[in-house]
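Visitor: Contents of coords.cif (mmCIF, C-alpha atoms and all ligand atoms) are given next:
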data_upload
loop_
_atom_site.label_atom_id
_atom_site.label_comp_id
_atom_site.auth_asym_id
_atom_site.auth_seq_id
_atom_site.Cartn_x
_atom_site.Cartn_y
_atom_site.Cartn_z
CA MET A 1 29.04 0.87 18.25
CA ARG A 2 27.34 -0.99 15.44
CA ASN A 3 23.68 -0.11 14.85
CA LEU A 4 22.03 -3.48 14.30
CA LEU A 5 19.16 -1.83 12.41
CA ASP A 6 21.71 -1.41 9.63
CA LEU A 7 22.25 -5.15 9.24
CA ASP A 8 20.25 -7.76 7.35
CA ALA A 9 20.35 -11.47 8.20
CA ALA A 10 23.70 -12.03 6.44
CA GLY A 11 25.19 -8.91 8.01
CA LEU A 12 24.03 -9.98 11.46
CA GLU A 13 25.49 -13.44 10.93
CA ALA A 14 28.84 -11.89 10.10
CA PHE A 15 28.54 -9.60 13.08
CA VAL A 16 27.79 -12.39 15.59
CA ALA A 17 30.52 -14.52 14.00
CA GLY A 18 32.87 -11.66 14.80
CA LEU A 19 31.78 -12.00 18.41
CA GLY A 20 32.65 -15.71 18.27
CA GLU A 21 29.02 -16.88 18.05
CA LYS A 22 27.18 -19.39 15.87
CA PRO A 23 25.23 -17.97 12.88
CA PHE A 24 21.82 -19.03 14.23
CA ARG A 25 22.20 -16.38 16.93
CA ALA A 26 21.67 -13.82 14.18
CA ARG A 27 18.16 -15.18 13.55
CA GLN A 28 17.36 -14.92 17.25
CA LEU A 29 18.58 -11.34 17.25
CA LEU A 30 16.53 -10.49 14.17
CA ARG A 31 13.38 -11.78 15.86
CA TRP A 32 14.02 -9.84 19.03
CA ILE A 33 14.71 -6.64 17.19
CA HIS A 34 12.14 -6.71 14.41
CA ARG A 35 9.35 -9.02 15.54
CA ARG A 36 9.29 -8.09 19.19
CA GLY A 37 10.58 -4.53 18.91
CA VAL A 38 13.15 -5.02 21.65
CA ALA A 39 16.24 -2.81 21.78
CA GLU A 40 17.69 -3.81 25.15
CA PHE A 41 20.05 -6.76 24.90
CA THR A 42 19.46 -7.58 28.58
CA ALA A 43 15.81 -8.36 27.71
CA MET A 44 16.77 -10.94 25.04
CA THR A 45 16.39 -13.82 27.42
CA ASP A 46 17.12 -16.74 25.10
CA LEU A 47 20.62 -15.41 24.42
CA ALA A 48 23.41 -16.45 26.76
CA ARG A 49 24.27 -13.81 29.34
CA SER A 50 27.84 -13.64 28.05
CA LEU A 51 26.58 -12.85 24.52
CA ARG A 52 24.20 -10.22 25.83
CA GLU A 53 27.09 -8.55 27.60
CA ARG A 54 29.27 -8.63 24.50
CA LEU A 55 26.43 -7.21 22.41
CA ALA A 56 25.90 -4.41 24.90
CA GLY A 57 29.56 -3.49 24.54
CA ALA A 58 29.63 -3.60 20.75
CA ALA A 59 26.20 -2.73 19.36
CA VAL A 60 23.01 -0.71 19.71
CA VAL A 61 19.51 -0.87 18.25
CA ALA A 62 18.88 2.79 17.57
CA ALA A 63 16.15 4.49 15.54
CA PRO A 64 16.55 8.24 14.80
CA PRO A 65 15.68 10.28 17.92
CA VAL A 66 12.14 11.62 18.13
CA ILE A 67 11.75 15.39 18.03
CA SER A 68 7.97 15.35 18.29
CA ASP A 69 5.16 12.83 18.49
CA SER A 70 1.58 13.92 17.90
CA THR A 71 -1.71 12.10 17.52
CA SER A 72 -4.82 13.57 15.95
CA ALA A 73 -8.40 12.96 16.99
CA ASP A 74 -8.89 10.25 14.38
CA GLY A 75 -5.79 8.33 15.45
CA THR A 76 -3.32 9.60 12.83
CA ARG A 77 0.03 9.67 14.57
CA LYS A 78 3.05 11.53 13.34
CA TRP A 79 6.65 11.57 14.41
CA LEU A 80 9.28 14.09 13.47
CA LEU A 81 12.66 12.37 13.66
CA ASP A 82 16.10 13.91 13.98
CA VAL A 83 18.60 12.59 11.43
CA GLY A 84 21.37 14.97 12.43
CA GLN A 85 22.94 18.22 11.21
CA GLY A 86 19.66 20.07 11.39
CA ASN A 87 17.82 17.54 9.23
CA ALA A 88 14.43 16.23 10.27
CA ILE A 89 12.21 13.68 8.55
CA GLU A 90 8.66 12.66 9.24
CA THR A 91 6.92 9.33 9.58
CA VAL A 92 3.15 9.11 9.70
CA PHE A 93 0.84 6.30 10.78
CA ILE A 94 -2.75 6.24 9.56
CA PRO A 95 -5.07 3.69 11.18
CA GLU A 96 -8.00 2.44 9.16
CA GLU A 97 -10.60 -0.21 9.86
CA ASP A 98 -8.84 -3.00 8.03
CA ARG A 99 -5.23 -1.81 8.00
CA GLY A 100 -2.58 0.36 9.58
CA THR A 101 -0.41 2.21 7.08
CA LEU A 102 2.94 3.81 7.75
CA CYS A 103 4.32 6.48 5.43
CA VAL A 104 8.11 6.44 5.43
CA SER A 105 10.69 8.98 4.24
CA SER A 106 13.68 7.93 2.13
CA GLN A 107 15.79 11.11 1.95
CA ALA A 108 16.34 14.28 3.93
CA GLY A 109 15.12 16.79 1.35
CA CYS A 110 14.80 15.90 -2.32
CA ALA A 111 16.81 16.58 -5.47
CA MET A 112 13.91 16.25 -7.91
CA ASN A 113 12.87 19.89 -7.59
CA CYS A 114 9.22 19.50 -8.57
CA LEU A 115 7.87 23.00 -8.97
CA PHE A 116 4.83 22.65 -6.72
CA CYS A 117 6.53 20.78 -3.87
CA ALA A 118 8.04 22.42 -0.81
CA THR A 119 10.40 19.49 -0.18
CA GLY A 120 11.74 20.05 -3.68
CA ARG A 121 12.24 23.73 -2.89
CA GLN A 122 14.18 22.82 0.20
CA GLY A 123 16.73 20.96 -1.92
CA PHE A 124 18.57 17.74 -1.30
CA ASN A 125 20.43 17.19 1.95
CA ARG A 126 21.31 13.53 1.97
CA ASN A 127 20.16 9.95 1.50
CA LEU A 128 18.83 8.21 4.57
CA THR A 129 20.76 5.12 5.60
CA THR A 130 19.08 1.73 5.70
CA ALA A 131 19.01 1.99 9.49
CA GLU A 132 17.24 5.36 9.29
CA ILE A 133 14.63 3.97 6.89
CA ILE A 134 14.10 0.75 8.86
CA GLY A 135 14.34 2.77 12.07
CA GLN A 136 11.18 4.71 11.16
CA LEU A 137 9.25 1.47 10.95
CA TRP A 138 10.94 -0.02 13.98
CA TRP A 139 10.19 3.01 16.10
CA ALA A 140 6.60 3.36 14.90
CA GLU A 141 5.72 -0.30 15.47
CA HIS A 142 7.43 -0.21 18.85
CA ALA A 143 5.53 2.93 19.92
CA LEU A 144 2.19 1.76 18.51
CA ARG A 145 2.43 -1.62 20.21
CA ALA A 146 3.07 0.11 23.50
CA GLN A 147 0.17 2.50 22.88
CA GLN A 148 -2.23 -0.32 21.97
CA GLY A 149 -0.97 -2.89 24.46
CA VAL A 150 0.01 -5.37 21.73
CA THR A 151 2.50 -7.93 23.00
CA ALA A 152 2.03 -11.05 20.83
CA GLU A 153 4.96 -11.53 18.46
CA HIS A 154 2.73 -12.48 15.53
CA GLU A 155 0.53 -9.37 15.85
CA ARG A 156 1.38 -6.28 13.86
CA VAL A 157 -0.01 -2.79 14.22
CA ILE A 158 1.55 -1.70 10.92
CA SER A 159 0.14 -3.79 8.07
CA ASN A 160 1.12 -1.60 5.12
CA VAL A 161 4.08 0.60 4.28
CA VAL A 162 4.19 3.35 1.66
CA LEU A 163 7.40 5.10 0.62
CA MET A 164 5.72 8.43 0.04
CA GLY A 165 7.34 10.58 2.67
CA MET A 166 10.16 13.01 2.10
CA GLY A 167 12.46 12.26 -0.84
CA GLU A 168 12.55 10.23 -4.05
CA PRO A 169 13.01 6.59 -2.97
CA LEU A 170 14.48 5.45 -6.29
CA HIS A 171 17.17 8.14 -5.95
CA ASN A 172 18.35 6.24 -2.85
CA TYR A 173 17.91 2.85 -4.43
CA ASN A 174 20.41 0.68 -2.56
CA ASN A 175 19.49 1.78 0.95
CA VAL A 176 15.76 1.73 0.19
CA TRP A 177 15.96 -1.71 -1.32
CA SER A 178 18.02 -3.05 1.52
CA ALA A 179 15.33 -1.74 3.90
CA LEU A 180 12.54 -3.28 1.81
CA ARG A 181 14.21 -6.69 1.89
CA ARG A 182 14.34 -6.45 5.66
CA LEU A 183 10.66 -5.52 5.74
CA ILE A 184 9.65 -8.66 3.88
CA ASP A 185 12.09 -11.04 5.60
CA PRO A 186 9.82 -13.38 7.59
CA GLU A 187 12.43 -13.53 10.34
CA ALA A 188 12.57 -9.74 10.49
CA PHE A 189 9.49 -7.57 10.00
CA GLY A 190 7.70 -10.14 7.84
CA LEU A 191 5.48 -7.84 5.77
CA GLY A 192 4.10 -9.15 2.43
CA ALA A 193 5.62 -7.38 -0.59
CA ARG A 194 2.11 -6.63 -1.81
CA HIS A 195 1.58 -4.55 1.31
CA ILE A 196 4.37 -2.17 0.34
CA THR A 197 4.05 0.67 -2.19
CA LEU A 198 6.89 2.79 -3.52
CA SER A 199 6.10 6.17 -5.04
CA THR A 200 8.40 7.68 -7.65
CA VAL A 201 8.40 10.75 -9.85
CA GLY A 202 9.82 8.62 -12.65
CA LEU A 203 13.45 7.47 -12.58
CA VAL A 204 13.06 5.11 -15.53
CA PRO A 205 16.21 2.95 -15.16
CA MET A 206 15.40 2.43 -11.50
CA ILE A 207 11.82 1.36 -12.32
CA ASP A 208 13.33 -1.30 -14.60
CA ARG A 209 15.75 -2.31 -11.88
CA MET A 210 12.86 -2.57 -9.44
CA ALA A 211 10.94 -4.76 -11.89
CA ASP A 212 13.93 -7.11 -12.05
CA GLU A 213 14.02 -7.55 -8.26
CA GLY A 214 11.29 -10.16 -8.56
CA LEU A 215 9.17 -8.74 -5.74
CA GLN A 216 5.57 -7.67 -6.02
CA ILE A 217 6.10 -4.25 -4.49
CA GLY A 218 3.38 -1.80 -5.52
CA LEU A 219 4.51 1.04 -7.79
CA ALA A 220 2.96 4.51 -7.70
CA VAL A 221 4.09 7.05 -10.31
CA SER A 222 3.62 10.77 -9.79
CA LEU A 223 2.62 11.78 -13.32
CA HIS A 224 1.03 15.25 -12.95
CA ALA A 225 0.96 15.90 -16.73
CA PRO A 226 0.37 13.70 -19.79
CA ASN A 227 2.79 15.42 -22.19
CA ASP A 228 6.45 16.42 -22.14
CA GLU A 229 5.95 20.14 -22.56
CA LEU A 230 3.92 20.51 -19.39
CA ARG A 231 5.50 17.71 -17.37
CA THR A 232 9.00 19.08 -17.90
CA GLN A 233 7.85 22.39 -16.42
CA LEU A 234 6.33 20.73 -13.37
CA THR A 235 8.78 17.90 -12.78
CA PRO A 236 12.26 18.62 -14.19
CA ILE A 237 13.18 14.90 -14.15
CA ASN A 238 11.02 14.71 -17.28
CA LYS A 239 13.90 16.29 -19.21
CA ALA A 240 15.84 13.10 -18.61
CA TYR A 241 12.96 10.65 -19.07
CA SER A 242 10.06 11.62 -21.26
CA VAL A 243 6.42 10.73 -20.58
CA ASP A 244 6.55 8.03 -23.27
CA GLU A 245 9.74 6.55 -21.81
CA LEU A 246 8.18 6.60 -18.36
CA LEU A 247 4.98 4.91 -19.52
CA ALA A 248 7.00 2.29 -21.40
CA ALA A 249 8.85 1.52 -18.14
CA VAL A 250 5.52 1.24 -16.33
CA ARG A 251 4.28 -1.21 -18.95
CA ARG A 252 7.42 -3.28 -18.45
CA TYR A 253 6.89 -3.18 -14.70
CA VAL A 254 3.31 -4.40 -15.06
CA ALA A 255 4.41 -7.14 -17.47
CA LYS A 256 7.06 -8.41 -15.06
CA THR A 257 5.17 -8.11 -11.77
CA ASN A 258 1.57 -8.43 -12.93
CA ARG A 259 0.73 -5.64 -10.51
CA ARG A 260 -1.56 -2.74 -11.21
CA VAL A 261 0.32 0.56 -11.11
CA THR A 262 -1.09 3.72 -9.56
CA PHE A 263 -0.67 7.10 -11.25
CA GLU A 264 -0.79 10.08 -8.92
CA TYR A 265 -1.93 13.35 -10.46
CA ALA A 266 -1.92 16.55 -8.40
CA LEU A 267 -4.54 18.81 -9.96
CA MET A 268 -3.54 22.48 -10.21
CA ALA A 269 -6.07 25.08 -11.25
CA GLY A 270 -5.49 26.33 -14.79
CA VAL A 271 -2.23 24.39 -15.08
CA ASN A 272 -2.90 20.69 -15.68
CA ASP A 273 -6.64 20.29 -15.15
CA SER A 274 -8.22 21.01 -18.54
CA PRO A 275 -10.58 18.55 -20.24
CA GLU A 276 -8.11 18.38 -23.15
CA LEU A 277 -5.35 17.20 -20.83
CA ALA A 278 -7.71 14.64 -19.31
CA GLN A 279 -8.42 13.32 -22.82
CA GLU A 280 -4.72 13.24 -23.60
CA MET A 281 -4.01 11.37 -20.40
CA ALA A 282 -6.80 8.88 -21.04
CA HIS A 283 -5.30 8.22 -24.45
CA LYS A 284 -1.78 7.75 -23.07
CA LEU A 285 -2.86 5.34 -20.34
CA GLN A 286 -4.91 3.09 -22.61
CA GLY A 287 -3.91 -0.55 -22.22
CA ILE A 288 -1.93 -0.05 -19.00
CA LEU A 289 -3.09 -2.02 -15.96
CA CYS A 290 -3.46 1.04 -13.77
CA HIS A 291 -5.48 3.17 -11.46
CA VAL A 292 -5.41 6.96 -11.27
CA ASN A 293 -5.52 8.96 -8.06
CA LEU A 294 -6.48 12.58 -8.60
CA ILE A 295 -5.43 14.86 -5.77
CA PRO A 296 -6.39 18.54 -5.77
CA LEU A 297 -3.08 20.24 -4.97
CA ASN A 298 -2.20 21.20 -1.45
CA PRO A 299 -0.80 24.67 -2.07
CA ILE A 300 2.41 25.75 -0.40
CA PRO A 301 3.13 29.28 0.80
CA ASP A 302 4.37 31.76 -1.83
CA SER A 303 3.43 29.39 -4.62
CA PRO A 304 1.39 30.41 -7.66
CA PHE A 305 -0.17 26.93 -7.85
CA GLN A 306 -3.65 26.51 -6.47
CA PRO A 307 -5.90 23.43 -6.20
CA THR A 308 -8.45 22.62 -8.85
CA SER A 309 -12.06 23.20 -7.82
CA ASP A 310 -14.23 20.24 -6.84
CA GLU A 311 -16.31 20.69 -9.96
CA GLU A 312 -13.32 20.71 -12.33
CA THR A 313 -11.81 17.78 -10.48
CA GLU A 314 -14.96 15.76 -10.97
CA ARG A 315 -15.04 16.67 -14.65
CA PHE A 316 -11.41 15.56 -15.11
CA ALA A 317 -12.16 12.29 -13.31
CA GLN A 318 -15.25 11.64 -15.39
CA ILE A 319 -13.32 11.98 -18.64
CA LEU A 320 -10.84 9.37 -17.45
CA ARG A 321 -13.58 7.05 -16.24
CA ASN A 322 -15.50 7.41 -19.48
CA ALA A 323 -12.36 6.27 -21.25
CA GLY A 324 -12.21 3.17 -19.05
CA ILE A 325 -9.44 4.35 -16.70
CA PRO A 326 -10.28 3.51 -13.06
CA THR A 327 -10.01 6.82 -11.24
CA THR A 328 -10.42 7.96 -7.66
CA ILE A 329 -10.52 11.50 -6.34
CA ARG A 330 -8.44 11.67 -3.20
CA LEU A 331 -9.11 14.42 -0.77
CA ARG A 332 -6.55 15.98 1.52
CA ARG A 333 -7.08 13.50 4.24
CA GLY A 334 -3.64 12.07 5.02
CA ILE A 335 -2.12 8.87 3.86
CA GLU A 336 -5.20 7.08 2.65
CA ILE A 337 -5.10 9.43 -0.28
CA ASN A 338 -1.92 7.72 -1.53
CA ALA A 339 -0.78 11.05 -2.87
CA GLY A 340 2.61 11.52 -4.46
CA CYS A 341 5.53 12.07 -2.11
CA GLY A 342 5.69 15.79 -1.42
CA GLN A 343 1.98 16.10 -2.05
CA LEU A 344 1.25 13.57 0.59
CA ARG A 345 3.26 15.48 3.12
CA ARG A 346 1.38 18.63 2.24
CA ALA A 347 -1.85 16.69 2.53
CA MET A 348 -0.89 15.72 6.03
CA ALA A 349 0.06 19.29 6.80
CA ALA A 350 -3.30 20.47 5.56
CA SER A 351 -5.13 17.90 7.61
CA GLY A 352 -2.97 18.75 10.60
CA ASN A 353 -3.96 22.35 10.39
CA GLY A 354 -7.59 21.50 10.08
CA ARG A 355 -9.74 18.48 10.60
CA ARG A 356 -7.10 16.08 11.85
CA GLY A 357 -5.43 18.44 14.25
CA VAL A 358 -1.87 17.16 13.82
CA LYS A 359 0.55 19.99 14.38
CA MET A 360 3.23 20.35 11.73
CA GLN A 361 6.72 21.32 12.77
CA PRO A 362 8.38 24.37 11.24
CA ALA A 363 11.15 22.18 9.81
CA GLU A 364 8.69 20.34 7.57
CA ASN A 365 8.10 21.82 4.21
CA GLY A 366 7.20 19.11 1.74
S1 LIG A 401 7.13 15.89 -5.28
FE1 LIG A 401 8.35 14.12 -4.50
S2 LIG A 401 9.96 13.85 -6.06
FE2 LIG A 401 9.09 15.90 -6.39
S3 LIG A 401 10.43 17.30 -5.21
FE3 LIG A 401 8.69 16.71 -3.89
S4 LIG A 401 9.43 14.95 -2.67
FE4 LIG A 401 10.79 15.19 -4.45
#
Please, can you express the file's structure as structure tokens?
Ligand code: SF4

Guide:
Amino acid sequence: MRNLLDLDAAGLEAFVAGLGEKPFRARQLLRWIHRRGVAEFTAMTDLARSLRERLAGAAVVAAPPVISDSTSADGTRKWLLDVGQGNAIETVFIPEEDRGTLCVSSQAGCAMNCLFCATGRQGFNRNLTTAEIIGQLWWAEHALRAQQGVTAEHERVISNVVLMGMGEPLHNYNNVWSALRRLIDPEAFGLGARHITLSTVGLVPMIDRMADEGLQIGLAVSLHAPNDELRTQLTPINKAYSVDELLAAVRRYVAKTNRRVTFEYALMAGVNDSPELAQEMAHKLQGILCHVNLIPLNPIPDSPFQPTSDEETERFAQILRNAGIPTTIRLRRGIEINAGCGQLRRAMAASGNGRRGVKMQPAENG
């Protein structure tokens, strides 16, 4: 059975051609699947009955199965999805007054091995397929529409997507990009590129490749240290791409897309939170169209890293602001903090264990 969530418009055209149908049927299918969230071919009433029957015999629309689905008091909703062989990923929806943001995972586990991140500790299992990435969005929109009673095709519950869940999205470039193109296809999900943000720990060649795609996808870079000595300790990818190389790639990205880049910085007490490092960072970021998000670390069990105090966090922020770098302190409050990948997941875990009341599953570590 072919999972139609794996196919873009061209792929669907080829698929329906294989069933002896005209290409425009693919567009109809895309609308049913992505704009109306319909998985049952029998419900696709503008398709001929004979085609519906052939589709039912040859294809499915299948998102990863849901292991758990929980909603906190403030409306944050989280799904743990089964991607097989003992691997689970999470997808989180955060409703806000003017938007609904979905945080999507791109890999089961992560190969980047950042020292302070539990997903990194867990190691890399595998890349998610395009269908598994798109499937998170498909499932979430489908479930949220049902929850909120939304039926109009042009209405969307999810207005923004951030690739900040489990994994390093640029380490799964082809599948992630294929999913992103489906997200912005007006016949499919139809989200504006500016409503999508991809968070990376700094795969420089892939940032350049992303800049050449010609889409105004938002870029968030998990920096965590302003110099190579410290950053290499915290994020081993820095051995391959130095801070200066990373910042040069960010400058190129800004030049090509004209989009402001976000730097995520997880503050760890006594590790990367000194005033000297703040000064160094302010110096390094001069001239870059950027914004800094400071996130006091969400500690993981058995880790020596602890969050910076509120006072020290404010001092670090003030140094950046005094140097003209727009800076926001993000608290551990879920997705609106736009924290870096594994940090975000920890942020959600922290909120789940406290104010937000979302229960984390044992399988989730990052
Ligand atoms: S912080 Fe992000 S890139 Fe680093 S190990 Fe965790 S999930 Fe991977």

Visitor: Do you know which residues are at most 8 Å from Ala193 in chain A counting all atoms listed in the file, after dropping those on the same chain fewer than 3 positions away, and could you put them as a PDB file with C-alpha atoms, in the frame of the given file?

Guide:
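Wrote it out as result-v1.pdb, contents follow:
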ATOM      1  CA  ILE A 184       9.650  -8.660   3.880  1.00  0.00           C
ATOM      2  CA  ILE A 196       4.370  -2.170   0.340  1.00  0.00           C
ATOM      3  CA  LEU A 215       9.170  -8.740  -5.740  1.00  0.00           C
ATOM      4  CA  GLN A 216       5.570  -7.670  -6.020  1.00  0.00           C
ATOM      5  CA  ILE A 217       6.100  -4.250  -4.490  1.00  0.00           C
ATOM      6  CA  GLY A 218       3.380  -1.800  -5.520  1.00  0.00           C
TER       7      GLY A 218
END

Visitor: Considering only C-alpha atoms, return as a PDB file with C-alpha atoms, keeping the file's coordinate frame whatever protein or nucleic-acid residues lie within 12 Å of Asn3 in chain A, sequence-local ones (same chain, fewer than 3 positions apart) excluded.

Guide:
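Written file, around-v9.pdb:
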ATOM      1  CA  ASP A   6      21.710  -1.410   9.630  1.00  0.00           C
ATOM      2  CA  LEU A   7      22.250  -5.150   9.240  1.00  0.00           C
ATOM      3  CA  ASP A   8      20.250  -7.760   7.350  1.00  0.00           C
ATOM      4  CA  GLY A  11      25.190  -8.910   8.010  1.00  0.00           C
ATOM      5  CA  LEU A  12      24.030  -9.980  11.460  1.00  0.00           C
ATOM      6  CA  PHE A  15      28.540  -9.600  13.080  1.00  0.00           C
ATOM      7  CA  ILE A  33      14.710  -6.640  17.190  1.00  0.00           C
ATOM      8  CA  ALA A  39      16.240  -2.810  21.780  1.00  0.00           C
ATOM      9  CA  LEU A  55      26.430  -7.210  22.410  1.00  0.00           C
ATOM     10  CA  ALA A  56      25.900  -4.410  24.900  1.00  0.00           C
ATOM     11  CA  GLY A  57      29.560  -3.490  24.540  1.00  0.00           C
ATOM     12  CA  ALA A  58      29.630  -3.600  20.750  1.00  0.00           C
ATOM     13  CA  ALA A  59      26.200  -2.730  19.360  1.00  0.00           C
ATOM     14  CA  VAL A  60      23.010  -0.710  19.710  1.00  0.00           C
ATOM     15  CA  VAL A  61      19.510  -0.870  18.250  1.00  0.00           C
ATOM     16  CA  ALA A  62      18.880   2.790  17.570  1.00  0.00           C
ATOM     17  CA  ALA A  63      16.150   4.490  15.540  1.00  0.00           C
ATOM     18  CA  PRO A  64      16.550   8.240  14.800  1.00  0.00           C
ATOM     19  CA  THR A 129      20.760   5.120   5.600  1.00  0.00           C
ATOM     20  CA  THR A 130      19.080   1.730   5.700  1.00  0.00           C
ATOM     21  CA  ALA A 131      19.010   1.990   9.490  1.00  0.00           C
ATOM     22  CA  GLU A 132      17.240   5.360   9.290  1.00  0.00           C
ATOM     23  CA  ILE A 134      14.100   0.750   8.860  1.00  0.00           C
ATOM     24  CA  GLY A 135      14.340   2.770  12.070  1.00  0.00           C
TER      25      GLY A 135
END

Visitor: Which residues are close to range 90-98 of chain A, i.e. within 6 Å by only C-alpha atoms, leaving aside same-chain residues fewer than 3 positions away? Reply as a VMD selection string.

Guide: chain A and resid 76 to 81 101 to 104

Visitor: Just want the 10 Å neighbourhood of Cys110 in chain A, counted on all atoms listed in the file, with same-chain residues fewer than 3 positions away dropped. Output as a list in words.

Guide: Ser106, Gln107, Asn113, Cys114, Cys117, Ala118, Thr119, Gly120, Arg121, Gln122, Gly123, Phe124, Asn125, Arg126, Asn127, Met166, Gly167, Glu168, Pro169, His171, Gly342 and Gly366 of chain A

Visitor: For those residues, write C-alpha atoms to a file as a PDB file, keeping the file's coordinate frame.

Guide:
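Saved result, out-v9.pdb, follows:
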ATOM      1  CA  SER A 106      13.680   7.930   2.130  1.00  0.00           C
ATOM      2  CA  GLN A 107      15.790  11.110   1.950  1.00  0.00           C
ATOM      3  CA  ASN A 113      12.870  19.890  -7.590  1.00  0.00           C
ATOM      4  CA  CYS A 114       9.220  19.500  -8.570  1.00  0.00           C
ATOM      5  CA  CYS A 117       6.530  20.780  -3.870  1.00  0.00           C
ATOM      6  CA  ALA A 118       8.040  22.420  -0.810  1.00  0.00           C
ATOM      7  CA  THR A 119      10.400  19.490  -0.180  1.00  0.00           C
ATOM      8  CA  GLY A 120      11.740  20.050  -3.680  1.00  0.00           C
ATOM      9  CA  ARG A 121      12.240  23.730  -2.890  1.00  0.00           C
ATOM     10  CA  GLN A 122      14.180  22.820   0.200  1.00  0.00           C
ATOM     11  CA  GLY A 123      16.730  20.960  -1.920  1.00  0.00           C
ATOM     12  CA  PHE A 124      18.570  17.740  -1.300  1.00  0.00           C
ATOM     13  CA  ASN A 125      20.430  17.190   1.950  1.00  0.00           C
ATOM     14  CA  ARG A 126      21.310  13.530   1.970  1.00  0.00           C
ATOM     15  CA  ASN A 127      20.160   9.950   1.500  1.00  0.00           C
ATOM     16  CA  MET A 166      10.160  13.010   2.100  1.00  0.00           C
ATOM     17  CA  GLY A 167      12.460  12.260  -0.840  1.00  0.00           C
ATOM     18  CA  GLU A 168      12.550  10.230  -4.050  1.00  0.00           C
ATOM     19  CA  PRO A 169      13.010   6.590  -2.970  1.00  0.00           C
ATOM     20  CA  HIS A 171      17.170   8.140  -5.950  1.00  0.00           C
ATOM     21  CA  GLY A 342       5.690  15.790  -1.420  1.00  0.00           C
ATOM     22  CA  GLY A 366       7.200  19.110   1.740  1.00  0.00           C
TER      23      GLY A 366
END

Visitor: Of the residues A:Thr328, A:Ser72, A:Thr232, A:Ser199, which is the one nearest to ligand LIG 401 (chain A), using all atoms listed in the file?

Guide: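 Going through A:Thr328, A:Ser72, A:Thr232, A:Ser199 one by one, the smallest distance to ligand LIG 401 (chain A) is for A:Ser199.
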
Visitor: I'd like the contact shell of range 141-154 of chain A - 7 Å cut-off, all atoms listed in the file, skipping same-chain residues fewer than 5 positions apart - returned as a list in words.

Guide: Arg35, Arg36 and Gly37 of chain A

Visitor: Could you save the residues just selected, with C-alpha atoms, as a compact mmCIF listing (two decimals), keeping the file's coordinate frame?

Guide:
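part-v8.txt written:
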# COMPACT_ATOMS: atom_id res chain seq x y z
CA ARG A 35 9.35 -9.02 15.54
CA ARG A 36 9.29 -8.09 19.19
CA GLY A 37 10.58 -4.53 18.91

Visitor: For each of A:Phe316, A:Tyr265, A:Phe189, A:Tyr253, take the minimum atom-to-atom distance to ligand LIG 401 (chain A), counting all atoms listed in the file, then give the residue where this is smallest.

Guide: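 Closest residue, counting all atoms listed in the file: A:Tyr265.
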
Visitor: Select, from A:Thr235, A:Asn227, A:Ser50, A:Thr197, the residue with the minimum atom-to-atom distance to ligand LIG 401 (chain A), counting all atoms listed in the file.

Guide: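 The shortest atom-to-atom distance to ligand LIG 401 (chain A) comes from A:Thr235.
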
Visitor: Find the residue from A:Met112, A:Ile89, A:Leu163, A:Val261 that sits nearest to ligand LIG 401 (chain A); use all atoms listed in the file when measuring.

Guide: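 Between A:Met112, A:Ile89, A:Leu163, A:Val261, the residue approaching ligand LIG 401 (chain A) most closely is A:Met112.
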
Visitor: Given only C-alpha atoms and all ligand atoms as the basis, pick out the residue of A:Pro226, A:Gly109, A:Pro275, A:Pro23 nearest to ligand LIG 401 (chain A).

Guide: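 Residue with the minimum atom-to-atom distance to ligand LIG 401 (chain A): A:Gly109.
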
Visitor: Could you jot down the CA of Ala249 in chain A to atom FE2 of ligand LIG 401 (chain A) separation for me, Å, one decimal place?

Guide: 18.6 Å

Visitor: Given only C-alpha atoms as the basis, pick out the residue of A:Ala73, A:Val162, A:Gln28, A:Asp273 nearest to Arg52 in chain A.

Guide: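 Among the listed residues, A:Gln28 lies closest to Arg52 in chain A.
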
Visitor: Please measure the separation of CA of Pro205 in chain A and CA of Ser105 in chain A, giving the value in Å to one decimal.

Guide: 21.1 Å

Visitor: Could the centre and edge lengths of an axis-aligned box, enclosing all atoms of range 239-252 of chain A in the file with 5 Å extra on each side, be given in Å to one decimal as lines of an AutoDock Vina configuration file?

Guide:
center_x = 10.1
center_y = 6.5
center_z = -19.8
size_x = 21.6
size_y = 29.6
size_z = 16.9

Visitor: Work out how far CA of Leu277 in chain A is from CA of Ser309 in chain A, in Å to one decimal.

Guide: 15.8 Å

Visitor: Within 9 Å of (16.4, -14.0, 10.7), all atoms listed in the file: residues as a ChimeraX atom specification?

Guide: /A:8-10,12,24-31,185-188

Visitor: Once you count only C-alpha atoms, which residues end up no further than 12 Å from (-4.5, 17.5, -22.0) in the file's frame, shown as a count of residues only?

Guide: 26
